[in-house]
Structures are given as C-alpha cells and as structure tokens.
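Have a look at target.cif below; it lists mmCIF, C-alpha atoms and all ligand atoms.
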data_final
loop_
_atom_site.label_atom_id
_atom_site.label_comp_id
_atom_site.auth_asym_id
_atom_site.auth_seq_id
_atom_site.Cartn_x
_atom_site.Cartn_y
_atom_site.Cartn_z
CA MET E 24 45.38 -87.63 73.06
CA ASN E 25 46.96 -84.32 74.13
CA THR E 26 45.06 -81.45 72.55
CA SER E 27 45.39 -79.03 75.45
CA HIS E 28 47.50 -76.54 73.48
CA THR E 29 45.77 -74.05 71.21
CA LEU E 30 44.38 -75.87 68.20
CA PRO E 31 45.43 -74.81 64.73
CA SER E 32 42.32 -73.68 62.85
CA TYR E 33 42.22 -76.81 60.70
CA LEU E 34 41.80 -78.95 63.86
CA ASP E 35 39.16 -76.72 65.44
CA PRO E 36 35.63 -78.15 65.09
CA ASN E 37 34.20 -74.63 65.39
CA HIS E 38 36.20 -73.39 62.44
CA LEU E 39 33.65 -72.89 59.72
CA GLY E 40 34.25 -74.51 56.38
CA PRO E 41 34.37 -78.03 54.99
CA TRP E 42 37.12 -79.28 57.32
CA GLY E 43 35.22 -78.06 60.41
CA ILE E 44 32.11 -79.78 59.11
CA TYR E 45 34.02 -83.01 58.59
CA LEU E 46 35.38 -82.83 62.16
CA GLN E 47 31.82 -82.43 63.49
CA GLN E 48 30.76 -85.48 61.46
CA VAL E 49 33.58 -87.51 63.04
CA ASP E 50 32.52 -86.34 66.52
CA ARG E 51 29.00 -87.57 65.82
CA VAL E 52 30.23 -91.05 64.92
CA THR E 53 32.75 -91.46 67.76
CA PRO E 54 30.22 -92.80 70.34
CA TYR E 55 29.49 -95.71 67.97
CA LEU E 56 33.08 -96.82 67.45
CA GLY E 57 33.46 -98.91 70.62
CA HIS E 58 37.08 -99.72 71.50
CA LEU E 59 38.22 -98.33 68.13
CA ALA E 60 37.45 -94.83 69.42
CA ARG E 61 40.96 -95.02 70.86
CA TRP E 62 42.25 -94.45 67.35
CA VAL E 63 39.79 -91.77 66.24
CA GLU E 64 42.35 -88.95 66.36
CA THR E 65 43.88 -90.62 63.30
CA LEU E 66 40.85 -89.47 61.31
CA LYS E 67 41.04 -85.90 62.58
CA ARG E 68 44.20 -84.97 60.71
CA PRO E 69 45.50 -85.80 57.27
CA LYS E 70 48.33 -88.29 57.10
CA ARG E 71 50.16 -86.13 54.60
CA ALA E 72 49.51 -82.77 52.92
CA MET E 73 51.60 -81.31 50.15
CA ILE E 74 51.44 -77.67 49.05
CA VAL E 75 53.10 -76.95 45.73
CA ASP E 76 53.89 -73.83 43.77
CA VAL E 77 52.81 -74.24 40.15
CA PRO E 78 54.49 -71.61 37.95
CA ILE E 79 53.63 -71.50 34.26
CA GLU E 80 54.41 -69.25 31.35
CA LEU E 81 51.23 -67.61 30.09
CA ASP E 82 50.59 -67.13 26.38
CA ASN E 83 51.44 -63.42 26.73
CA GLY E 84 54.96 -64.29 27.90
CA THR E 85 54.50 -63.44 31.60
CA VAL E 86 54.88 -65.99 34.41
CA ALA E 87 51.97 -66.80 36.70
CA HIS E 88 52.10 -68.75 39.97
CA PHE E 89 49.26 -70.94 41.20
CA GLU E 90 48.95 -72.80 44.50
CA GLY E 91 48.29 -76.53 44.29
CA TYR E 92 47.68 -79.27 46.84
CA ARG E 93 47.63 -83.03 47.20
CA VAL E 94 46.36 -84.30 50.55
CA GLN E 95 46.44 -87.95 51.59
CA HIS E 96 44.03 -88.18 54.46
CA ASN E 97 44.27 -91.87 55.31
CA LEU E 98 46.24 -94.73 53.77
CA SER E 99 45.41 -97.48 56.27
CA ARG E 100 43.38 -99.57 53.82
CA GLY E 101 45.33 -99.00 50.63
CA PRO E 102 46.74 -96.33 48.31
CA GLY E 103 45.27 -92.87 48.30
CA LYS E 104 42.43 -92.26 45.86
CA GLY E 105 40.51 -89.14 44.93
CA GLY E 106 40.09 -86.47 42.33
CA VAL E 107 41.83 -83.23 41.43
CA ARG E 108 39.81 -80.03 41.43
CA PHE E 109 40.62 -76.85 39.50
CA HIS E 110 38.63 -73.98 40.99
CA GLN E 111 39.23 -70.39 42.02
CA ASP E 112 38.05 -71.09 45.60
CA VAL E 113 40.23 -74.16 46.29
CA THR E 114 42.00 -73.95 49.66
CA LEU E 115 44.10 -76.38 51.69
CA SER E 116 41.28 -76.75 54.22
CA GLU E 117 38.79 -77.62 51.47
CA VAL E 118 41.13 -80.20 49.92
CA MET E 119 41.71 -81.69 53.39
CA ALA E 120 37.97 -82.14 53.88
CA LEU E 121 37.51 -83.56 50.39
CA SER E 122 40.35 -86.03 51.00
CA ALA E 123 38.77 -87.13 54.29
CA TRP E 124 35.40 -87.62 52.59
CA MET E 125 37.22 -89.79 50.03
CA SER E 126 38.56 -91.97 52.88
CA VAL E 127 35.05 -92.39 54.22
CA LYS E 128 33.55 -92.98 50.77
CA ASN E 129 36.12 -95.57 49.74
CA ALA E 130 35.78 -97.44 53.02
CA ALA E 131 31.96 -97.26 52.90
CA VAL E 132 31.92 -98.99 49.52
CA ASN E 133 34.75 -101.26 50.69
CA LEU E 134 37.14 -100.25 47.92
CA PRO E 135 40.74 -101.17 48.82
CA TYR E 136 41.82 -97.54 49.02
CA GLY E 137 42.59 -94.80 51.45
CA GLY E 138 41.42 -91.26 50.74
CA ALA E 139 43.19 -88.41 48.98
CA LYS E 140 42.35 -85.27 47.02
CA GLY E 141 44.13 -82.61 45.08
CA GLY E 142 43.44 -79.20 43.70
CA ILE E 143 44.77 -76.00 42.22
CA ARG E 144 43.38 -72.58 43.06
CA VAL E 145 42.72 -71.38 39.53
CA ASP E 146 39.77 -70.43 37.40
CA PRO E 147 40.49 -72.73 34.42
CA LYS E 148 38.05 -70.77 32.25
CA THR E 149 40.61 -67.96 32.16
CA LEU E 150 43.33 -70.21 30.70
CA SER E 151 43.99 -71.19 27.09
CA ARG E 152 44.32 -74.89 26.26
CA GLY E 153 48.10 -74.57 26.20
CA GLU E 154 48.20 -72.83 29.57
CA LEU E 155 45.91 -75.48 31.04
CA GLU E 156 48.20 -78.22 29.75
CA ARG E 157 51.32 -76.53 31.17
CA LEU E 158 49.53 -76.03 34.51
CA THR E 159 48.44 -79.68 34.66
CA ARG E 160 51.87 -81.02 33.72
CA ARG E 161 53.79 -78.85 36.18
CA TYR E 162 51.33 -79.71 38.99
CA THR E 163 51.65 -83.44 38.21
CA SER E 164 55.40 -83.18 38.22
CA GLU E 165 55.36 -81.37 41.59
CA ILE E 166 53.11 -83.95 43.28
CA GLY E 167 54.94 -86.75 41.43
CA LEU E 168 56.86 -87.59 44.59
CA ILE E 169 53.78 -88.87 46.38
CA ILE E 170 51.49 -90.21 43.62
CA GLY E 171 51.79 -93.50 41.72
CA PRO E 172 49.69 -96.54 40.74
CA SER E 173 50.22 -98.14 44.14
CA LYS E 174 50.70 -94.95 46.18
CA ASP E 175 47.97 -92.47 45.31
CA ILE E 176 45.79 -92.38 42.21
CA PRO E 177 44.23 -89.04 41.14
CA ALA E 178 41.06 -88.75 39.03
CA PRO E 179 38.78 -86.04 37.66
CA ASP E 180 36.76 -83.77 39.92
CA MET E 181 35.29 -80.31 39.40
CA ASN E 182 36.65 -78.71 36.17
CA THR E 183 39.03 -81.57 35.38
CA ASN E 184 38.36 -84.16 32.70
CA GLU E 185 39.70 -86.99 30.54
CA GLN E 186 42.15 -84.76 28.68
CA ILE E 187 43.63 -83.48 31.94
CA MET E 188 43.98 -87.10 33.12
CA ALA E 189 45.77 -87.94 29.84
CA TRP E 190 48.28 -85.11 30.47
CA MET E 191 48.75 -86.25 34.07
CA MET E 192 49.34 -89.85 32.97
CA ASP E 193 51.81 -88.76 30.31
CA THR E 194 53.74 -86.43 32.63
CA TYR E 195 54.06 -89.06 35.34
CA SER E 196 55.07 -91.67 32.77
CA MET E 197 57.70 -89.39 31.19
CA ASN E 198 59.15 -88.60 34.61
CA THR E 199 59.34 -92.24 35.69
CA GLY E 200 60.42 -93.65 32.34
CA ALA E 201 57.59 -96.13 31.85
CA THR E 202 54.01 -95.77 30.67
CA ALA E 203 51.94 -96.09 33.83
CA THR E 204 48.27 -96.06 32.88
CA GLY E 205 47.21 -96.94 36.46
CA VAL E 206 48.51 -93.67 37.93
CA VAL E 207 45.23 -91.85 37.26
CA THR E 208 41.67 -92.92 36.51
CA GLY E 209 39.03 -91.19 34.43
CA LYS E 210 41.36 -91.38 31.41
CA PRO E 211 40.25 -91.45 27.76
CA ILE E 212 39.24 -94.98 26.68
CA ALA E 213 42.15 -95.03 24.21
CA LEU E 214 44.63 -94.66 27.10
CA GLY E 215 43.31 -97.37 29.39
CA GLY E 216 40.18 -95.55 30.54
CA SER E 217 37.09 -97.51 31.46
CA LEU E 218 33.78 -97.64 29.67
CA GLY E 219 31.07 -96.14 31.85
CA ARG E 220 33.47 -94.06 33.99
CA ARG E 221 32.20 -90.71 32.76
CA GLU E 222 28.60 -91.51 33.63
CA ALA E 223 29.41 -93.50 36.79
CA THR E 224 28.86 -90.83 39.46
CA GLY E 225 25.49 -89.81 38.00
CA ARG E 226 24.49 -93.45 37.59
CA GLY E 227 25.41 -94.12 41.23
CA VAL E 228 23.35 -91.10 42.34
CA PHE E 229 20.37 -92.45 40.42
CA THR E 230 20.86 -95.98 41.82
CA VAL E 231 20.85 -94.88 45.45
CA ALA E 232 17.86 -92.63 44.73
CA GLN E 233 16.00 -95.71 43.46
CA GLU E 234 16.95 -97.66 46.59
CA ALA E 235 16.07 -94.85 49.00
CA ALA E 236 12.77 -94.12 47.22
CA GLN E 237 11.78 -97.75 47.62
CA HIS E 238 12.39 -97.59 51.38
CA ILE E 239 10.14 -94.57 51.82
CA GLN E 240 7.48 -95.86 49.39
CA LEU E 241 8.11 -93.09 46.89
CA GLU E 242 7.16 -94.09 43.35
CA LEU E 243 9.92 -92.81 41.04
CA LYS E 244 7.70 -92.65 37.99
CA GLY E 245 6.15 -89.18 37.84
CA CYS E 246 8.09 -87.90 40.80
CA ARG E 247 9.46 -84.35 40.69
CA VAL E 248 13.22 -83.82 40.84
CA ALA E 249 15.26 -80.65 41.36
CA VAL E 250 18.95 -80.72 40.45
CA GLN E 251 21.65 -78.22 41.40
CA GLY E 252 24.60 -78.47 39.02
CA LEU E 253 24.42 -79.79 35.49
CA GLY E 254 27.98 -81.03 35.16
CA ASN E 255 29.28 -84.56 35.02
CA VAL E 256 27.23 -85.60 38.07
CA GLY E 257 24.01 -83.57 37.87
CA GLY E 258 23.79 -83.73 34.08
CA VAL E 259 23.94 -87.53 33.92
CA ALA E 260 21.69 -87.97 36.97
CA ALA E 261 19.08 -85.59 35.46
CA GLN E 262 19.06 -87.66 32.26
CA LEU E 263 18.64 -90.93 34.14
CA PHE E 264 15.81 -89.50 36.29
CA ALA E 265 14.06 -88.25 33.16
CA GLN E 266 14.51 -91.64 31.45
CA ALA E 267 12.95 -93.33 34.47
CA GLY E 268 9.80 -91.22 34.04
CA CYS E 269 10.58 -88.56 36.64
CA LYS E 270 9.88 -84.90 35.95
CA VAL E 271 13.02 -82.83 36.39
CA VAL E 272 11.21 -79.62 37.36
CA ALA E 273 14.11 -77.37 38.33
CA VAL E 274 17.79 -77.03 37.50
CA GLN E 275 20.24 -74.53 38.91
CA ASP E 276 23.81 -73.95 37.72
CA HIS E 277 26.49 -71.34 38.47
CA ALA E 278 24.70 -68.74 36.39
CA GLY E 279 20.97 -69.31 36.69
CA THR E 280 17.91 -71.30 37.74
CA VAL E 281 15.20 -72.67 35.45
CA TYR E 282 11.84 -74.15 36.40
CA GLN E 283 9.14 -76.03 34.53
CA ALA E 284 6.34 -77.65 36.56
CA SER E 285 5.56 -80.17 33.84
CA GLY E 286 9.23 -81.24 33.62
CA LEU E 287 12.14 -79.73 31.70
CA ASP E 288 13.28 -81.20 28.41
CA ILE E 289 16.69 -82.34 29.73
CA HIS E 290 18.06 -83.20 26.32
CA ALA E 291 17.26 -79.71 25.02
CA LEU E 292 18.55 -78.12 28.23
CA LEU E 293 21.90 -79.95 27.98
CA GLU E 294 22.22 -78.83 24.36
CA HIS E 295 21.51 -75.25 25.43
CA VAL E 296 24.19 -75.49 28.16
CA ALA E 297 26.72 -76.97 25.73
CA LYS E 298 26.12 -74.03 23.39
CA HIS E 299 25.74 -71.13 25.83
CA GLY E 300 27.71 -72.29 28.87
CA SER E 301 24.80 -72.20 31.32
CA VAL E 302 21.05 -72.70 31.73
CA LEU E 303 20.52 -68.92 31.43
CA GLY E 304 18.17 -68.01 28.64
CA PHE E 305 16.76 -71.51 28.13
CA SER E 306 13.45 -70.93 26.39
CA GLY E 307 11.54 -74.01 27.59
CA ALA E 308 11.31 -72.81 31.18
CA GLU E 309 10.64 -70.03 33.66
CA ALA E 310 13.72 -68.30 35.14
CA LEU E 311 13.81 -68.18 38.94
CA ALA E 312 15.88 -66.12 41.37
CA ARG E 313 18.72 -68.19 42.89
CA ALA E 314 17.21 -68.46 46.38
CA GLN E 315 13.89 -69.71 44.99
CA PHE E 316 15.51 -72.95 43.86
CA TRP E 317 15.43 -74.35 47.40
CA SER E 318 11.69 -73.97 47.86
CA VAL E 319 10.48 -75.40 44.54
CA PRO E 320 7.83 -78.10 44.99
CA CYS E 321 9.62 -81.40 44.39
CA ASP E 322 10.01 -84.93 45.78
CA ILE E 323 13.75 -85.44 45.26
CA LEU E 324 16.42 -82.78 45.59
CA VAL E 325 19.88 -83.49 44.16
CA PRO E 326 22.58 -80.97 45.13
CA ALA E 327 25.34 -81.80 42.64
CA ALA E 328 27.55 -78.71 42.72
CA LEU E 329 29.64 -77.23 45.53
CA GLU E 330 29.89 -77.65 49.31
CA GLN E 331 27.71 -75.89 51.91
CA GLN E 332 24.66 -75.26 49.75
CA ILE E 333 21.98 -76.57 52.14
CA THR E 334 22.39 -74.46 55.27
CA VAL E 335 20.31 -73.03 58.14
CA ASN E 336 19.26 -70.35 55.66
CA ASN E 337 17.33 -72.66 53.34
CA ALA E 338 16.87 -76.08 55.02
CA ALA E 339 13.46 -75.11 56.42
CA GLN E 340 12.18 -74.26 52.93
CA ILE E 341 13.07 -77.48 51.22
CA GLN E 342 9.97 -79.29 49.94
CA ALA E 343 11.57 -82.60 48.93
CA ARG E 344 11.11 -85.91 50.76
CA LEU E 345 14.51 -87.12 49.69
CA VAL E 346 17.85 -85.33 49.33
CA ILE E 347 20.49 -87.21 47.35
CA GLU E 348 23.92 -85.60 47.73
CA GLY E 349 25.63 -85.75 44.35
CA ALA E 350 28.12 -83.07 45.47
CA ASN E 351 30.68 -83.52 48.22
CA GLY E 352 29.68 -81.79 51.46
CA PRO E 353 26.59 -79.89 50.24
CA THR E 354 24.76 -79.98 53.61
CA THR E 355 26.01 -78.37 56.84
CA PRO E 356 25.52 -80.33 60.12
CA GLU E 357 22.92 -77.77 61.36
CA ALA E 358 20.98 -78.15 58.12
CA ASP E 359 21.25 -81.94 58.45
CA ASP E 360 19.46 -81.65 61.81
CA ILE E 361 16.73 -79.41 60.40
CA LEU E 362 16.10 -81.83 57.53
CA ALA E 363 15.99 -84.78 59.94
CA GLU E 364 13.48 -82.98 62.20
CA ARG E 365 11.33 -82.29 59.17
CA GLY E 366 11.38 -85.96 58.18
CA ILE E 367 13.40 -85.39 55.01
CA LEU E 368 15.69 -88.33 54.27
CA VAL E 369 19.25 -87.39 53.27
CA VAL E 370 21.39 -89.90 51.39
CA PRO E 371 24.87 -88.53 52.15
CA ASP E 372 27.61 -87.76 49.63
CA VAL E 373 29.88 -90.47 50.99
CA ILE E 374 27.51 -93.10 49.64
CA ALA E 375 25.40 -91.20 47.07
CA ASN E 376 28.29 -90.04 44.89
CA ALA E 377 30.54 -93.09 45.38
CA GLY E 378 29.71 -94.39 41.89
CA GLY E 379 32.52 -92.38 40.31
CA VAL E 380 35.30 -93.73 42.44
CA THR E 381 33.79 -97.22 42.22
CA VAL E 382 34.23 -97.27 38.45
CA SER E 383 37.64 -95.60 38.96
CA TYR E 384 38.49 -98.71 40.95
CA PHE E 385 37.27 -100.88 38.08
CA GLU E 386 39.43 -98.83 35.71
CA TRP E 387 42.52 -99.28 37.90
CA VAL E 388 41.90 -103.05 38.16
CA GLN E 389 41.48 -103.26 34.36
CA ASP E 390 44.71 -101.29 33.83
CA PHE E 391 46.63 -103.60 36.17
CA SER E 392 45.33 -106.74 34.51
CA SER E 393 45.41 -105.22 30.98
CA PHE E 394 42.05 -106.82 30.42
CA PHE E 395 39.01 -104.67 29.73
CA TRP E 396 35.38 -105.31 30.57
CA SER E 397 32.23 -104.47 28.59
CA GLU E 398 30.10 -101.48 29.53
CA ASP E 399 27.23 -103.75 30.56
CA GLU E 400 29.53 -105.64 32.87
CA ILE E 401 30.79 -102.40 34.42
CA ASN E 402 27.33 -100.93 34.92
CA ALA E 403 26.02 -104.18 36.39
CA ARG E 404 28.93 -104.40 38.84
CA LEU E 405 28.52 -100.71 39.74
CA VAL E 406 24.80 -101.07 40.44
CA ARG E 407 25.38 -104.22 42.49
CA LEU E 408 28.09 -102.62 44.64
CA MET E 409 26.05 -99.46 45.20
CA ARG E 410 22.96 -101.46 46.18
CA GLU E 411 24.91 -103.62 48.60
CA ALA E 412 26.60 -100.59 50.17
CA PHE E 413 23.28 -98.78 50.47
CA ALA E 414 21.62 -101.81 52.08
CA ALA E 415 24.40 -102.04 54.69
CA VAL E 416 24.06 -98.33 55.44
CA TRP E 417 20.28 -98.61 55.76
CA GLN E 418 20.57 -101.55 58.11
CA THR E 419 23.18 -99.79 60.29
CA ALA E 420 20.97 -96.69 60.44
CA GLN E 421 18.02 -98.78 61.64
CA GLN E 422 20.14 -100.67 64.14
CA HIS E 423 21.59 -97.55 65.82
CA LYS E 424 18.65 -95.23 65.07
CA VAL E 425 20.95 -92.71 63.39
CA SER E 426 20.96 -90.77 60.12
CA LEU E 427 22.23 -92.40 56.95
CA ARG E 428 25.26 -90.09 57.17
CA THR E 429 26.21 -91.27 60.64
CA ALA E 430 25.51 -94.87 59.59
CA THR E 431 27.86 -94.53 56.61
CA PHE E 432 30.51 -93.00 58.87
CA ILE E 433 30.05 -95.87 61.37
CA ILE E 434 30.73 -98.46 58.67
CA ALA E 435 33.58 -96.55 57.07
CA CYS E 436 35.36 -95.35 60.21
CA THR E 437 35.13 -98.84 61.72
CA ARG E 438 36.81 -100.29 58.62
CA MET E 439 39.54 -97.64 58.61
CA LEU E 440 40.26 -97.89 62.31
CA GLN E 441 40.23 -101.70 62.28
CA ALA E 442 42.93 -101.54 59.62
CA ARG E 443 44.75 -98.92 61.70
CA GLU E 444 44.66 -101.09 64.79
CA LEU E 445 45.73 -104.25 62.97
CA ARG E 446 48.68 -102.50 61.34
CA GLY E 447 49.70 -100.98 64.67
CA LEU E 448 51.90 -98.00 65.31
CA TYR E 449 55.28 -97.82 63.66
CA PRO E 450 57.84 -98.00 65.19
N1 LIG E 501 36.23 -86.89 42.23
C1 LIG E 501 35.35 -88.00 42.43
C2 LIG E 501 34.81 -88.03 43.85
O1 LIG E 501 34.71 -87.03 44.50
C3 LIG E 501 35.96 -89.31 41.98
C4 LIG E 501 37.27 -89.67 42.59
C5 LIG E 501 37.95 -90.86 41.93
O2 LIG E 501 37.41 -91.44 41.01
O3 LIG E 501 39.04 -91.20 42.41
O4 LIG E 501 34.37 -89.05 44.33
#

Since I need it in another form, could you write the structure as structure tokens?
Ligand code: GLU
Amino acid sequence: MNTSHTLPSYLDPNHLGPWGIYLQQVDRVTPYLGHLARWVETLKRPKRAMIVDVPIELDNGTVAHFEGYRVQHNLSRGPGKGGVRFHQDVTLSEVMALSAWMSVKNAAVNLPYGGAKGGIRVDPKTLSRGELERLTRRYTSEIGLIIGPSKDIPAPDMNTNEQIMAWMMDTYSMNTGATATGVVTGKPIALGGSLGRREATGRGVFTVAQEAAQHIQLELKGCRVAVQGLGNVGGVAAQLFAQAGCKVVAVQDHAGTVYQASGLDIHALLEHVAKHGSVLGFSGAEALARAQFWSVPCDILVPAALEQQITVNNAAQIQARLVIEGANGPTTPEADDILAERGILVVPDVIANAGGVTVSYFEWVQDFSSFFWSEDEINARLVRLMREAFAAVWQTAQQHKVSLRTATFIIACTRMLQARELRGLYP
C-alpha cells in the first residue's frame, strides 16, 4: 500500500489520541493475520465519515451551531452499528476511533454488523429539554442520508438515552414516511425497545469479570472493586458486583472520588448521585483526591468513563489483579504494557463492554420480527454470548501467548478481513 506521502494526522500512529491508539492496536495484531494482512489497510481508515453542521434556535432566540459526526468504519460484515455521544470534547478523530472499536467489538462477539459511531460536540447539560430535542432531530435529519435499519443503526452512548433514541426514531420515520423502529436501538420499551437493554453493558461487564476471575482463581465473593464512572455502565456493574458479595470500595465520577474500605452502600450512593448529580458530598465514605483513585487497594478495577484514563502516569500504581474495561479506550498501549509486566490481567473494552451492543442486536432482531422476548430470555442469551466470546478470546490468547486485547483483535480482524476478501474489491 502506498503510504510514502506525508500522512494526514488521523493516519499517523504517533498522533496522540484515541485514533492513534487504535492504529497502534492494529499494528500489534497484524503479525497474526496471516495472508489476510494484505487487507489490513482497510482497517486503518474509516470507510465513510460525515461531518454535519447542526444549527438550532436556542430558547433565547439566538441561533447556535454545533458540529456533529457519523463515522462508518467498516461495513464488510453488515450494517454499521454504534452509539451516538453528546460531549463537549467530541472530535472527528475520537468518533473515528470509537467507530473502529465498534467494528472490532461487533466482530469479536460475531454480531452481523460493521462498526459505526456518531457524536455532537456539545455539553448537553447546558441545553434545555427543547434545545436538546431540536439538536437531536436536526442531527438525525443531517445524518439521515447514511443511516437506516439496514444501513447503519445508532444507539445510546455517553449522555444520550432512551428519549434521545425516541426522537431519532421519530425524525427518521417522519423523513422517510414510515415508522422505522429498527433505525435505532436503546429505545423506550413502548417504541420497540428491548427489555434488559439499559442494564446490558453493565451486565456484560459483570459477566466477563466473573469469567476472568475464575481463570485467575479470584473468588468474587468478598473481593474489592473500584469503579470509575457511575453512569449506565459503571452504575449497573457496581450494583451487580455488590449483589454478588463484592465490596465496591471506591467510586470516582466527573466531580469526585469516594472511598470506603468496608464497601460503599451502592444503593445509597446511586440515590445521592440522582439527587446531587455526583458522588461529591456522599456521607457514607471518605473523599479522596482524584489521583488517589488509581492506587486504592482493590482486586478488580473497572474504568467505565472516558478514554485514556489508565496511562503511564498511573499504571504503576494500580493495585488490582484484574482490570475490566467498561469504557471504550480507557487504557493507552504504554499503560497496557506496564499492566502486563506487572501481571495485571486486562479484559479489553472490545469484549468487556460488548453487552450493550449485543442486546442492541437482540432489540433490532425483535423489531424486525415484531416479536418480543422476555427479560429472562434476553439476559440468558446475553450471558451465553458473552461467555462464549470470552472463552474464544481466552483460548486465542493462550494459543498465541498474547494479551486478551490482541487476542480479541485477532478474532475480530480475521472475521472482518475474511469478509473483505470474500466480497472482493469493487469494481
Ligand atoms: N454505545 C455502546 C457501545 O459503545 C452501544 C452501541 C450500540 O448498542 O449500538 O458499545
């Protein structure tokens, strides 16, 4: 492949940021791809990236412009699939990386999807409900050219939820002239949403933690867990760990860090967060400085917030035996190496947080067949799929003597590139 000209920053592996990290992860897997390595450049660029201007009228009568994106990284195995993020730090490069991780995740769990992701650079906390609705509808309309139930199916991600999915579904349906429930997942149950979807990512995190703990002879009961992020992923995972008899000793969110050696009362903590917006000021715990979170004595660490949290600056301090990546991209490649040298097992995002998109897939299948499953059925299928995927990753890691991340990439990239090769180049 001719890359002799100067690389644009988004193709440069030394360019810091999530996309650069993803490129390094692909480089690490390339030696294991055999003859498929011929096609690996496919994975190093998105198939399609759309940048849209999202103008809305604010409540005070002025007009504000926001930048939005929808990136389809790979569509070799099926329609694009991945969430939409509303956050003040969203950039094209971040959405590209998140879309690529969706490709890997979907292929690792063998869902019949490619990978995609969307986002708007906006702090949604600064918007009224009406402004948020106008923003969501205009964004959906702008990306309407490339999404659709068999083209690309958005879902919730950071700061987006069921209501936002309902507006997206409605906008797409109004524009196309037919109610299309399958255009997004993570919808309210009343609009074709799936039971168990909201809890699915956290449940998947907990399931792979159980599997990984078993492999390293770590007894879950009584084990100490530290969770970063108490949103849809971290909040549910923390509850499931506590229910399983673990002690959730530390929790960090955007505003603060709380610690309780004997285990936090997660129910009370979630109530506090619902009321006050963060863990700050929670009375049942000691407040820690942000940096102290990484060195708390614990057995399992669950980063479930933003990217690039575990870095060279804190990887040497981590006390856990197991890191379960609830967030997308929380560990940098250098930190990955430090953790590996220290014998800390990392279950990577692309398998650990795949529970959400797995139940999204169930939702999409239910919408297409207009036949809905019970919550027990959904949870049982989710747990079975996650266990099978984890077992395959574990076995591949043993076989090639590589990290679980590289093993997941081996499985996923092989699947994507096999599809790529079979389809062939057009024309
Ligand atoms: N946003 C979630 C993720 O990062 C879920 C995506 C989906 O359900 O399509 O995996």

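Proximity of E:Arg344, E:Arg313, E:Lys270, E:His96 to E:Gln240, computed with all atoms listed in the file, is greatest for E:Arg344.
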
Checklist outcome for this item: Using all atoms listed in the file, the shortest atom-to-atom distance to E:Asn129 among E:Asn97, E:Gln441, E:Thr114, E:Thr280 belongs to E:Asn97

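Here the question is which of E:Ala350, E:Ala201, E:Ile212, E:Ala130 gets nearest to E:Ala328 using only C-alpha atoms, and that residue is E:Ala350.
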
Item to check | Close residues to ligand LIG 501 (chain E) using only C-alpha atoms and all ligand atoms, limit 8 Å, as a PyMOL selection string | outcome: chain E and resi 104-108+121+125+128+140+176-181+208-209+224+350-351+376-384

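One finds atom CA of E:Arg438 at 16.6 Å from atom CA of E:Leu408.
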
Next on the checklist: When you look at E:Ile347 with a cut-off of 10 Å (counting all atoms listed in the file), what residues show up, excluding the ones that are within fewer than 3 positions of it in the same chain? I need them as a PyMOL selection string.
Outcome noted: chain E and resi 228-229+231-232+235+250+323-327+350+353+368-372+374-376

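Using all atoms listed in the file, the smallest distance between any of E:Met73, E:Leu303, E:Thr204, E:Met188 and E:Asp390 comes from E:Thr204.
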
Item to check | Spatial neighbours of stretch 61-69 of chain E, 8 Å, all atoms listed in the file, chain gap at least 2 places, as a ChimeraX atom specification | outcome: /E:24,34,46,49,53,58-59,71-72,94-97,119,123,440,443-444

Checklist entry - Pick the closest to E:Gly307 from E:Thr419, E:Ser285, E:Gln111, E:Gln332: which is it, counting all atoms listed in the file? => result E:Ser285

Item to check | Among listed residues E:Arg51, E:Leu287, E:Arg157, E:Pro102, nearest E:Phe89 (using all atoms listed in the file) | outcome: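 Among E:Arg51, E:Leu287, E:Arg157, E:Pro102, it is E:Arg157 that comes nearest to E:Phe89.
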
Item to check | Distance in Å - atom CA of E:Arg428 versus atom CA of E:Cys246 | outcome: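 Separating atom CA of E:Arg428 from atom CA of E:Cys246 is a distance of 23.8 Å.
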
Next on the checklist: Please compute the atom CA of E:Ile289-atom CA of E:Thr230 distance, one decimal, in Å.
Outcome noted: 18.7 Å

Next on the checklist: Please list as a PyMOL selection string every residue within 10 Å of E:Trp417, counting all atoms listed in the file and excluding residues in the same chain fewer than 2 positions away.
Outcome noted: chain E and resi 234-235+238+370+411-415+419-422+425-428+430-431

Next on the checklist: With 10 Å as the threshold, what does the neighbourhood of (48.1, -84.7, 29.6) contain in terms of residues, counting all atoms listed in the file? Coordinates are those of the file; answer as a list of chain:residue names.
Outcome noted: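 In the file's frame, the residues around the point are E:Leu155, E:Glu156, E:Arg157, E:Thr159, E:Arg160, E:Thr163, E:Glu185, E:Gln186, E:Ile187, E:Met188, E:Ala189, E:Trp190, E:Met191, E:Met192, E:Asp193, E:Thr194, E:Tyr195, E:Lys210.
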